[in-house]
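Visitor: You'll find start.pdb just under this line, and it carries PDB, C-alpha atoms (C1' of nucleotides).
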MODEL        1
ATOM      1  CA  MET A 129      22.197  90.018-161.895  1.00  0.00           C
ATOM      2  CA  THR A 130      24.252  91.418-159.041  1.00  0.00           C
ATOM      3  CA  GLU A 131      26.870  88.721-158.888  1.00  0.00           C
ATOM      4  CA  THR A 132      29.984  89.367-160.945  1.00  0.00           C
ATOM      5  CA  LEU A 133      32.245  86.934-162.744  1.00  0.00           C
ATOM      6  CA  LEU A 134      35.217  87.870-160.584  1.00  0.00           C
ATOM      7  CA  GLU A 135      33.234  87.227-157.418  1.00  0.00           C
ATOM      8  CA  VAL A 136      32.427  83.759-158.679  1.00  0.00           C
ATOM      9  CA  LEU A 137      36.042  83.073-159.647  1.00  0.00           C
ATOM     10  CA  HIS A 138      37.260  83.983-156.168  1.00  0.00           C
ATOM     11  CA  ARG A 139      35.129  81.321-154.524  1.00  0.00           C
ATOM     12  CA  PRO A 140      36.556  77.872-153.828  1.00  0.00           C
ATOM     13  CA  VAL A 141      37.010  76.238-157.217  1.00  0.00           C
ATOM     14  CA  LEU A 142      34.575  73.431-156.402  1.00  0.00           C
ATOM     15  CA  GLU A 143      31.874  76.080-156.086  1.00  0.00           C
ATOM     16  CA  ALA A 144      33.044  78.264-158.936  1.00  0.00           C
ATOM     17  CA  ALA A 145      33.198  75.477-161.527  1.00  0.00           C
ATOM     18  CA  PRO A 146      29.517  74.455-161.606  1.00  0.00           C
ATOM     19  CA  ARG A 147      28.524  78.130-161.397  1.00  0.00           C
ATOM     20  CA  LEU A 148      30.155  78.616-164.814  1.00  0.00           C
ATOM     21  CA  LEU A 149      27.708  76.254-166.487  1.00  0.00           C
ATOM     22  CA  GLY A 150      25.542  78.346-168.791  1.00  0.00           C
ATOM     23  CA  ALA A 151      28.109  81.153-169.027  1.00  0.00           C
ATOM     24  CA  VAL A 152      28.949  82.324-172.532  1.00  0.00           C
ATOM     25  CA  LEU A 153      32.481  82.284-173.939  1.00  0.00           C
ATOM     26  CA  ALA A 154      32.935  84.459-177.008  1.00  0.00           C
ATOM     27  CA  HIS A 155      35.743  85.112-179.466  1.00  0.00           C
ATOM     28  CA  GLY A 156      35.017  87.179-182.545  1.00  0.00           C
ATOM     29  CA  ASP A 157      31.780  86.061-184.134  1.00  0.00           C
ATOM     30  CA  VAL A 158      31.591  82.717-182.348  1.00  0.00           C
ATOM     31  CA  ALA A 159      30.017  82.241-178.916  1.00  0.00           C
ATOM     32  CA  VAL A 160      29.570  79.080-176.875  1.00  0.00           C
ATOM     33  CA  ARG A 161      27.306  78.408-173.894  1.00  0.00           C
ATOM     34  CA  LEU A 162      29.206  76.185-171.470  1.00  0.00           C
ATOM     35  CA  THR A 163      27.620  72.810-170.753  1.00  0.00           C
ATOM     36  CA  GLU A 164      30.485  70.852-169.164  1.00  0.00           C
ATOM     37  CA  VAL A 165      33.348  71.926-166.873  1.00  0.00           C
ATOM     38  CA  GLU A 166      35.979  70.363-164.616  1.00  0.00           C
ATOM     39  CA  ALA A 167      37.694  71.772-161.511  1.00  0.00           C
ATOM     40  CA  TYR A 168      41.467  71.602-160.973  1.00  0.00           C
ATOM     41  CA  ALA A 169      42.580  72.526-157.481  1.00  0.00           C
ATOM     42  CA  GLY A 170      46.208  73.471-158.076  1.00  0.00           C
ATOM     43  CA  ALA A 171      48.580  72.525-155.291  1.00  0.00           C
ATOM     44  CA  ASP A 172      45.920  70.376-153.602  1.00  0.00           C
ATOM     45  CA  ASP A 173      45.236  68.296-156.693  1.00  0.00           C
ATOM     46  CA  PRO A 174      47.573  65.617-158.087  1.00  0.00           C
ATOM     47  CA  GLY A 175      45.573  65.832-161.320  1.00  0.00           C
ATOM     48  CA  SER A 176      46.427  69.487-161.886  1.00  0.00           C
ATOM     49  CA  HIS A 177      49.248  70.719-164.099  1.00  0.00           C
ATOM     50  CA  ALA A 178      50.089  73.079-161.247  1.00  0.00           C
ATOM     51  CA  PHE A 179      50.473  70.354-158.619  1.00  0.00           C
ATOM     52  CA  ARG A 180      54.272  70.367-158.819  1.00  0.00           C
ATOM     53  CA  GLY A 181      54.569  74.120-158.646  1.00  0.00           C
ATOM     54  CA  GLU A 182      54.898  76.952-161.118  1.00  0.00           C
ATOM     55  CA  THR A 183      56.666  76.286-164.422  1.00  0.00           C
ATOM     56  CA  PRO A 184      56.764  78.306-167.653  1.00  0.00           C
ATOM     57  CA  ARG A 185      53.799  76.327-168.893  1.00  0.00           C
ATOM     58  CA  THR A 186      51.639  76.804-165.804  1.00  0.00           C
ATOM     59  CA  ARG A 187      52.557  80.433-165.128  1.00  0.00           C
ATOM     60  CA  THR A 188      49.120  81.691-166.150  1.00  0.00           C
ATOM     61  CA  MET A 189      47.375  79.486-163.603  1.00  0.00           C
ATOM     62  CA  PHE A 190      49.327  81.176-160.817  1.00  0.00           C
ATOM     63  CA  GLY A 191      48.174  84.599-161.999  1.00  0.00           C
ATOM     64  CA  PRO A 192      44.986  86.478-161.101  1.00  0.00           C
ATOM     65  CA  ALA A 193      41.458  85.151-161.440  1.00  0.00           C
ATOM     66  CA  GLY A 194      39.874  85.775-164.807  1.00  0.00           C
ATOM     67  CA  GLY A 195      42.945  84.777-166.781  1.00  0.00           C
ATOM     68  CA  LEU A 196      42.668  82.333-169.662  1.00  0.00           C
ATOM     69  CA  TYR A 197      45.040  79.365-169.324  1.00  0.00           C
ATOM     70  CA  VAL A 198      45.527  77.647-172.688  1.00  0.00           C
ATOM     71  CA  TYR A 199      47.741  74.590-172.965  1.00  0.00           C
ATOM     72  CA  PHE A 200      48.885  72.411-175.860  1.00  0.00           C
ATOM     73  CA  VAL A 201      48.542  68.659-175.564  1.00  0.00           C
ATOM     74  CA  TYR A 202      49.049  65.493-177.593  1.00  0.00           C
ATOM     75  CA  GLY A 203      51.015  67.350-180.202  1.00  0.00           C
ATOM     76  CA  MET A 204      48.008  68.986-181.828  1.00  0.00           C
ATOM     77  CA  HIS A 205      45.288  70.153-179.465  1.00  0.00           C
ATOM     78  CA  PHE A 206      44.645  73.213-177.329  1.00  0.00           C
ATOM     79  CA  CYS A 207      42.491  73.237-174.196  1.00  0.00           C
ATOM     80  CA  ALA A 208      41.221  76.285-172.298  1.00  0.00           C
ATOM     81  CA  ASN A 209      40.812  76.944-168.576  1.00  0.00           C
ATOM     82  CA  VAL A 210      39.481  79.836-166.491  1.00  0.00           C
ATOM     83  CA  VAL A 211      41.911  80.810-163.736  1.00  0.00           C
ATOM     84  CA  CYS A 212      40.356  81.053-160.261  1.00  0.00           C
ATOM     85  CA  GLY A 213      41.461  82.366-156.898  1.00  0.00           C
ATOM     86  CA  PRO A 214      43.994  85.071-156.038  1.00  0.00           C
ATOM     87  CA  SER A 215      47.455  85.394-157.578  1.00  0.00           C
ATOM     88  CA  GLY A 216      49.876  82.894-156.145  1.00  0.00           C
ATOM     89  CA  THR A 217      47.295  80.120-156.101  1.00  0.00           C
ATOM     90  CA  ALA A 218      46.624  77.932-159.122  1.00  0.00           C
ATOM     91  CA  SER A 219      43.085  76.600-159.236  1.00  0.00           C
ATOM     92  CA  ALA A 220      41.320  76.622-162.596  1.00  0.00           C
ATOM     93  CA  VAL A 221      38.235  75.384-164.429  1.00  0.00           C
ATOM     94  CA  LEU A 222      38.691  73.379-167.624  1.00  0.00           C
ATOM     95  CA  LEU A 223      36.069  74.245-170.237  1.00  0.00           C
ATOM     96  CA  ARG A 224      35.164  70.820-171.550  1.00  0.00           C
ATOM     97  CA  ALA A 225      32.190  71.432-173.796  1.00  0.00           C
ATOM     98  CA  GLY A 226      29.540  73.859-174.898  1.00  0.00           C
ATOM     99  CA  GLU A 227      26.723  74.626-177.257  1.00  0.00           C
ATOM    100  CA  VAL A 228      27.489  77.047-180.101  1.00  0.00           C
ATOM    101  CA  VAL A 229      24.961  79.861-179.747  1.00  0.00           C
ATOM    102  CA  SER A 230      26.437  82.273-182.273  1.00  0.00           C
ATOM    103  CA  GLY A 231      28.660  82.074-185.342  1.00  0.00           C
ATOM    104  CA  ALA A 232      27.821  78.458-186.146  1.00  0.00           C
ATOM    105  CA  ASP A 233      28.888  78.947-189.763  1.00  0.00           C
ATOM    106  CA  VAL A 234      32.400  80.009-188.803  1.00  0.00           C
ATOM    107  CA  ALA A 235      32.641  77.304-186.138  1.00  0.00           C
ATOM    108  CA  THR A 236      31.495  74.636-188.565  1.00  0.00           C
ATOM    109  CA  ARG A 237      34.146  75.685-191.081  1.00  0.00           C
ATOM    110  CA  ARG A 238      36.862  75.555-188.431  1.00  0.00           C
ATOM    111  CA  ARG A 239      35.656  72.142-187.341  1.00  0.00           C
ATOM    112  CA  GLY A 240      35.736  70.625-190.806  1.00  0.00           C
ATOM    113  CA  GLY A 241      31.996  70.362-191.256  1.00  0.00           C
ATOM    114  CA  ALA A 242      31.213  68.635-187.961  1.00  0.00           C
ATOM    115  CA  PRO A 243      27.503  68.393-187.035  1.00  0.00           C
ATOM    116  CA  PRO A 244      26.150  71.143-184.733  1.00  0.00           C
ATOM    117  CA  ARG A 245      26.162  69.161-181.498  1.00  0.00           C
ATOM    118  CA  ASP A 246      29.798  68.165-182.033  1.00  0.00           C
ATOM    119  CA  LEU A 247      31.156  71.645-182.743  1.00  0.00           C
ATOM    120  CA  ALA A 248      32.336  72.267-179.173  1.00  0.00           C
ATOM    121  CA  ARG A 249      31.840  68.771-177.732  1.00  0.00           C
ATOM    122  CA  GLY A 250      35.176  68.246-175.978  1.00  0.00           C
ATOM    123  CA  PRO A 251      37.827  70.683-174.727  1.00  0.00           C
ATOM    124  CA  ALA A 252      39.992  70.682-177.862  1.00  0.00           C
ATOM    125  CA  ARG A 253      36.975  70.921-180.130  1.00  0.00           C
ATOM    126  CA  LEU A 254      35.697  73.859-178.095  1.00  0.00           C
ATOM    127  CA  CYS A 255      38.982  75.711-178.636  1.00  0.00           C
ATOM    128  CA  ARG A 256      39.000  74.867-182.321  1.00  0.00           C
ATOM    129  CA  ALA A 257      35.428  76.061-182.806  1.00  0.00           C
ATOM    130  CA  LEU A 258      36.194  79.346-181.054  1.00  0.00           C
ATOM    131  CA  GLY A 259      39.569  79.872-182.705  1.00  0.00           C
ATOM    132  CA  ILE A 260      41.404  79.753-179.365  1.00  0.00           C
ATOM    133  CA  SER A 261      45.079  78.745-179.438  1.00  0.00           C
ATOM    134  CA  GLY A 262      48.324  79.243-177.561  1.00  0.00           C
ATOM    135  CA  GLU A 263      48.532  82.918-178.426  1.00  0.00           C
ATOM    136  CA  HIS A 264      45.542  83.509-176.129  1.00  0.00           C
ATOM    137  CA  ASP A 265      47.222  81.989-173.078  1.00  0.00           C
ATOM    138  CA  GLY A 266      47.445  84.592-170.345  1.00  0.00           C
ATOM    139  CA  THR A 267      44.872  86.964-171.810  1.00  0.00           C
ATOM    140  CA  ASP A 268      42.153  88.393-169.584  1.00  0.00           C
ATOM    141  CA  LEU A 269      38.615  87.087-169.978  1.00  0.00           C
ATOM    142  CA  LEU A 270      37.127  90.435-168.977  1.00  0.00           C
ATOM    143  CA  THR A 271      39.165  92.704-171.244  1.00  0.00           C
ATOM    144  CA  GLY A 272      40.934  90.518-173.811  1.00  0.00           C
ATOM    145  CA  PRO A 273      39.990  89.055-177.185  1.00  0.00           C
ATOM    146  CA  VAL A 274      38.295  86.048-175.591  1.00  0.00           C
ATOM    147  CA  ARG A 275      35.461  87.029-173.235  1.00  0.00           C
ATOM    148  CA  LEU A 276      33.492  85.151-170.623  1.00  0.00           C
ATOM    149  CA  GLU A 277      30.112  86.418-169.454  1.00  0.00           C
ATOM    150  CA  LEU A 278      28.236  84.957-166.536  1.00  0.00           C
ATOM    151  CA  ALA A 279      24.641  83.805-167.014  1.00  0.00           C
ATOM    152  CA  GLU A 280      21.900  82.950-164.556  1.00  0.00           C
ATOM    153  CA  PRO A 281      22.824  79.806-162.632  1.00  0.00           C
ATOM    154  CA  VAL A 282      21.713  76.546-164.178  1.00  0.00           C
ATOM    155  CA  PRO A 283      19.161  75.047-161.722  1.00  0.00           C
ATOM    156  CA  ALA A 284      20.777  72.470-159.465  1.00  0.00           C
ATOM    157  CA  SER A 285      18.204  69.922-160.591  1.00  0.00           C
ATOM    158  CA  GLN A 286      19.720  70.064-164.078  1.00  0.00           C
ATOM    159  CA  VAL A 287      23.362  69.750-162.997  1.00  0.00           C
ATOM    160  CA  VAL A 288      25.056  66.369-162.832  1.00  0.00           C
ATOM    161  CA  THR A 289      28.469  65.601-161.361  1.00  0.00           C
ATOM    162  CA  GLY A 290      30.918  62.774-161.924  1.00  0.00           C
ATOM    163  CA  PRO A 291      34.583  61.862-162.336  1.00  0.00           C
ATOM    164  CA  ARG A 292      36.913  63.916-164.501  1.00  0.00           C
ATOM    165  CA  VAL A 293      37.817  62.643-167.935  1.00  0.00           C
ATOM    166  CA  GLY A 294      41.098  61.111-168.998  1.00  0.00           C
ATOM    167  CA  LEU A 295      43.005  61.437-165.704  1.00  0.00           C
ATOM    168  CA  ARG A 296      45.055  58.804-163.971  1.00  0.00           C
ATOM    169  CA  GLN A 297      45.963  60.896-160.949  1.00  0.00           C
ATOM    170  CA  ALA A 298      43.062  61.613-158.579  1.00  0.00           C
ATOM    171  CA  ALA A 299      40.687  59.981-161.043  1.00  0.00           C
ATOM    172  CA  ASP A 300      38.180  59.324-158.263  1.00  0.00           C
ATOM    173  CA  ARG A 301      37.412  62.941-157.469  1.00  0.00           C
ATOM    174  CA  PRO A 302      33.947  63.831-158.828  1.00  0.00           C
ATOM    175  CA  TRP A 303      35.031  67.250-160.013  1.00  0.00           C
ATOM    176  CA  ARG A 304      33.249  67.347-163.374  1.00  0.00           C
ATOM    177  CA  TRP A 305      29.864  68.991-163.794  1.00  0.00           C
ATOM    178  CA  TRP A 306      27.564  69.062-166.801  1.00  0.00           C
ATOM    179  CA  VAL A 307      24.033  70.048-167.786  1.00  0.00           C
ATOM    180  CA  GLU A 308      21.821  67.004-167.764  1.00  0.00           C
ATOM    181  CA  GLY A 309      20.527  65.930-171.143  1.00  0.00           C
ATOM    182  CA  GLU A 310      22.745  68.335-173.105  1.00  0.00           C
ATOM    183  CA  PRO A 311      23.782  66.708-176.392  1.00  0.00           C
ATOM    184  CA  SER A 312      26.973  68.789-176.450  1.00  0.00           C
ATOM    185  CA  VAL A 313      28.413  67.131-173.316  1.00  0.00           C
ATOM    186  CA  SER A 314      31.491  65.128-174.206  1.00  0.00           C
ATOM    187  CA  PRO A 315      31.377  61.335-173.897  1.00  0.00           C
ATOM    188  CA  TYR A 316      32.973  59.936-170.734  1.00  0.00           C
ATOM    189  CA  ARG A 317      36.357  58.468-171.429  1.00  0.00           C
ATOM    190  CA  PRO A 318      38.348  56.966-168.562  1.00  0.00           C
ATOM    191  CA  ALA A 319      42.121  57.295-168.609  1.00  0.00           C
ATOM    192  CA  ALA A 320      43.941  54.735-170.691  1.00  0.00           C
ATOM    193  CA  PRO A 321      45.304  51.995-168.463  1.00  0.00           C
ATOM    194  CA  ARG A 322      49.079  51.888-168.153  1.00  0.00           C
ATOM    195  CA  ARG A 323      50.614  48.703-169.482  1.00  0.00           C
ATOM    196  CA  PRO A 324      53.479  47.205-167.585  1.00  0.00           C
ATOM    197  CA  ARG A 325      56.667  47.672-169.546  1.00  0.00           C
ATOM    198  CA  GLY A 326      58.015  44.513-170.948  1.00  0.00           C
TER     199      GLY A 326
ATOM    200  C1'  DA B 300      41.179  49.518-181.316  1.00  0.00           C
ATOM    201  C1'  DG B 301      44.924  52.227-182.870  1.00  0.00           C
ATOM    202  C1'  DG B 302      47.470  56.191-184.733  1.00  0.00           C
ATOM    203  C1'  DG B 303      48.901  61.045-185.019  1.00  0.00           C
ATOM    204  C1'  DT B 304      51.731  64.701-183.068  1.00  0.00           C
ATOM    205  C1'  DG B 305      55.054  67.473-179.958  1.00  0.00           C
ATOM    206  C1'  DA B 306      55.691  69.767-175.246  1.00  0.00           C
ATOM    207  C1'  DT B 307      56.906  68.472-170.646  1.00  0.00           C
ATOM    208  C1'  DT B 308      58.912  65.727-167.208  1.00  0.00           C
ATOM    209  C1'  DA B 309      61.532  61.952-164.771  1.00  0.00           C
ATOM    210  C1'  DG B 310      65.673  59.746-164.786  1.00  0.00           C
ATOM    211  C1'  DG B 311      70.637  58.160-166.086  1.00  0.00           C
TER     212       DG B 311
ATOM    213  C1'  DC C 184      70.659  62.800-173.400  1.00  0.00           C
ATOM    214  C1'  DT C 185      66.500  59.158-173.666  1.00  0.00           C
ATOM    215  C1'  DA C 186      62.027  57.405-172.642  1.00  0.00           C
ATOM    216  C1'  DA C 187      57.480  57.873-170.844  1.00  0.00           C
ATOM    217  C1'  DT C 188      53.611  60.529-170.264  1.00  0.00           C
ATOM    218  C1'  DC C 189      49.871  63.473-171.589  1.00  0.00           C
ATOM    219  C1'  DA C 190      43.107  67.379-168.671  1.00  0.00           C
ATOM    220  C1'  DC C 191      42.516  64.591-176.944  1.00  0.00           C
ATOM    221  C1'  DC C 192      40.437  63.688-181.551  1.00  0.00           C
ATOM    222  C1'  DC C 193      39.921  61.041-185.669  1.00  0.00           C
ATOM    223  C1'  DT C 194      39.239  56.934-188.402  1.00  0.00           C
ATOM    224  C1'  DC C 195      38.755  52.351-188.779  1.00  0.00           C
TER     225       DC C 195
ENDMDL
END
For this file, produce the structure as structure tokens.
Guide:
Amino acid sequence: MTETLLEVLHRPVLEAAPRLLGAVLAHGDVAVRLTEVEAYAGADDPGSHAFRGETPRTRTMFGPAGGLYVYFVYGMHFCANVVCGPSGTASAVLLRAGEVVSGADVATRRRGGAPPRDLARGPARLCRALGISGEHDGTDLLTGPVRLELAEPVPASQVVTGPRVGLRQAADRPWRWWVEGEPSVSPYRPAAPRRPRG
DNA sequence: AGGGTGATTAGG
DNA sequence: CTAATCACCCTC
């Protein structure tokens, strides 16, 4: 394959995201083949953490392509993103789900005995299965402890697109892609409706 | 359907 | 400072 990961990550994020389907994310003995991703378009995207500009939390997203942006949410979960575009911009691809292709024993232990298809089915589960946490935020996916390796593109006929999961802002943008028929794709969950205060 | 858990942000 | 929100997962 002539195409490199960095070349892919420098394309517009709406092209880069689906191109990452099938790529393999590895940490230690565990490796996951990506089956579901979402694009976040930084300053152009009200749904992105980076929409309101750089903060300590979002600093990694404003760094160079190939960085790993890990954030902590809901008091207990980590989620992982691949940083795209040149430094100073803040687009990223959220890694929503994958199929464990190596180290299933370790991943299963970390995931409390979950069945194989659930090991990395969801962004926080994926991080848990791979042992990714806040200490990996800002590391480089080409040289750091967590590596991402491009695979052959998944044929377009097998790729499905739809709305992103769990967002209230820009919930209509169909910026999620997954591999059709993959049991590891996370279930669609619309954002919780906001109740009027009373 | 509802709870857990804590960082981040908007607002007084 | 307080209150609301949050790119989620688990159990019931």
Visitor: Could you pull the residues within 8 Å of A:Val234, counting only C-alpha atoms (C1' of nucleotides), minus those fewer than 6 positions along the same chain, as a PyMOL selection string?
Guide: chain A and resi 157-158+257
Visitor: May I ask you to extract the residues of chain A within 9 Å of chain B, using only C-alpha atoms (C1' of nucleotides), and to give them as a VMD selection string?
Guide: chain A and resid 185 200 to 204
Visitor: How many Å separate atom CA of A:His264 from atom CA of A:Ser312?
Guide: 23.7 Å
Visitor: Where does stretch 165-251 of chain A meet chain C within 9 Å, residue by residue, with the nearest atom pair and distance in Å to one decimal for each, counting all atoms listed in the file, listed by chain and rising number, as JSON lines?
Guide:
{"residue": "A:Glu166", "atom": "CA", "partner": "C:DA190", "partner_atom": "C1'", "distance": 8.7}
{"residue": "A:Tyr168", "atom": "CA", "partner": "C:DA190", "partner_atom": "C1'", "distance": 8.9}
{"residue": "A:Gly175", "atom": "CA", "partner": "C:DA190", "partner_atom": "C1'", "distance": 7.9}
{"residue": "A:Ser176", "atom": "CA", "partner": "C:DA190", "partner_atom": "C1'", "distance": 7.8}
{"residue": "A:His177", "atom": "CA", "partner": "C:DA190", "partner_atom": "C1'", "distance": 8.4}
{"residue": "A:Val201", "atom": "CA", "partner": "C:DC189", "partner_atom": "C1'", "distance": 6.7}
{"residue": "A:Tyr202", "atom": "CA", "partner": "C:DC189", "partner_atom": "C1'", "distance": 6.4}
{"residue": "A:Met204", "atom": "CA", "partner": "C:DC191", "partner_atom": "C1'", "distance": 8.6}
{"residue": "A:His205", "atom": "CA", "partner": "C:DC191", "partner_atom": "C1'", "distance": 6.7}
{"residue": "A:Phe206", "atom": "CA", "partner": "C:DC191", "partner_atom": "C1'", "distance": 8.9}
{"residue": "A:Cys207", "atom": "CA", "partner": "C:DA190", "partner_atom": "C1'", "distance": 8.1}
{"residue": "A:Leu222", "atom": "CA", "partner": "C:DA190", "partner_atom": "C1'", "distance": 7.5}
{"residue": "A:Gly250", "atom": "CA", "partner": "C:DC191", "partner_atom": "C1'", "distance": 8.3}
{"residue": "A:Pro251", "atom": "CA", "partner": "C:DC191", "partner_atom": "C1'", "distance": 8.0}
Visitor: Quick one: distance from atom CA of A:Val229 to atom CA of A:Arg245 in Å, one decimal?
Guide: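 Distance reported for this atom pair: 10.9 Å.
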Visitor: On this file, the PyMOL selection byres ((chain A and resi 274-291) around 8) gives some set of residues; write that set as an MDAnalysis selection string.
Guide: chainID A and resid 129 132:133 146:156 260 264 267:273 292:293 299:308
Visitor: Pick out the closest residue to chain C from this set: A:Gly194, A:Ala167, A:Glu182, A:Leu258. Count only C-alpha atoms (C1' of nucleotides).
Guide: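 Going through A:Gly194, A:Ala167, A:Glu182, A:Leu258 one by one, the smallest distance to chain C is for A:Ala167.
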Visitor: For each of A:Gly259, A:Gly195, A:Gly240, A:Pro214, take the minimum atom-to-atom distance to chain C, counting all atoms listed in the file, then give the residue where this is smallest.
Guide: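 For chain C, the nearest of the given residues is A:Gly240.
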Visitor: What residues have an atom no more than 10 Å from (40.3, 56.0, -169.0) in the file's own frame, counting all atoms listed in the file, and can you write them as a list of chain:residue names?
Guide: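 Nearby residues: A:Arg292, A:Val293, A:Gly294, A:Leu295, A:Arg296, A:Ala299, A:Tyr316, A:Arg317, A:Pro318, A:Ala319, A:Ala320, A:Pro321, A:Arg322.
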Visitor: Can you work out the spacing between atom CA of A:Thr186 and atom CA of A:Val211 in Å, to one decimal?
Guide: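 Atom CA of A:Val211 lies 10.7 Å from atom CA of A:Thr186.
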Visitor: Here is a test: counting only C-alpha atoms (C1' of nucleotides), which residue of A:Leu134, A:Ala193, A:Ala232, A:Ala178 is nearest to chain C?
Guide: A:Ala178
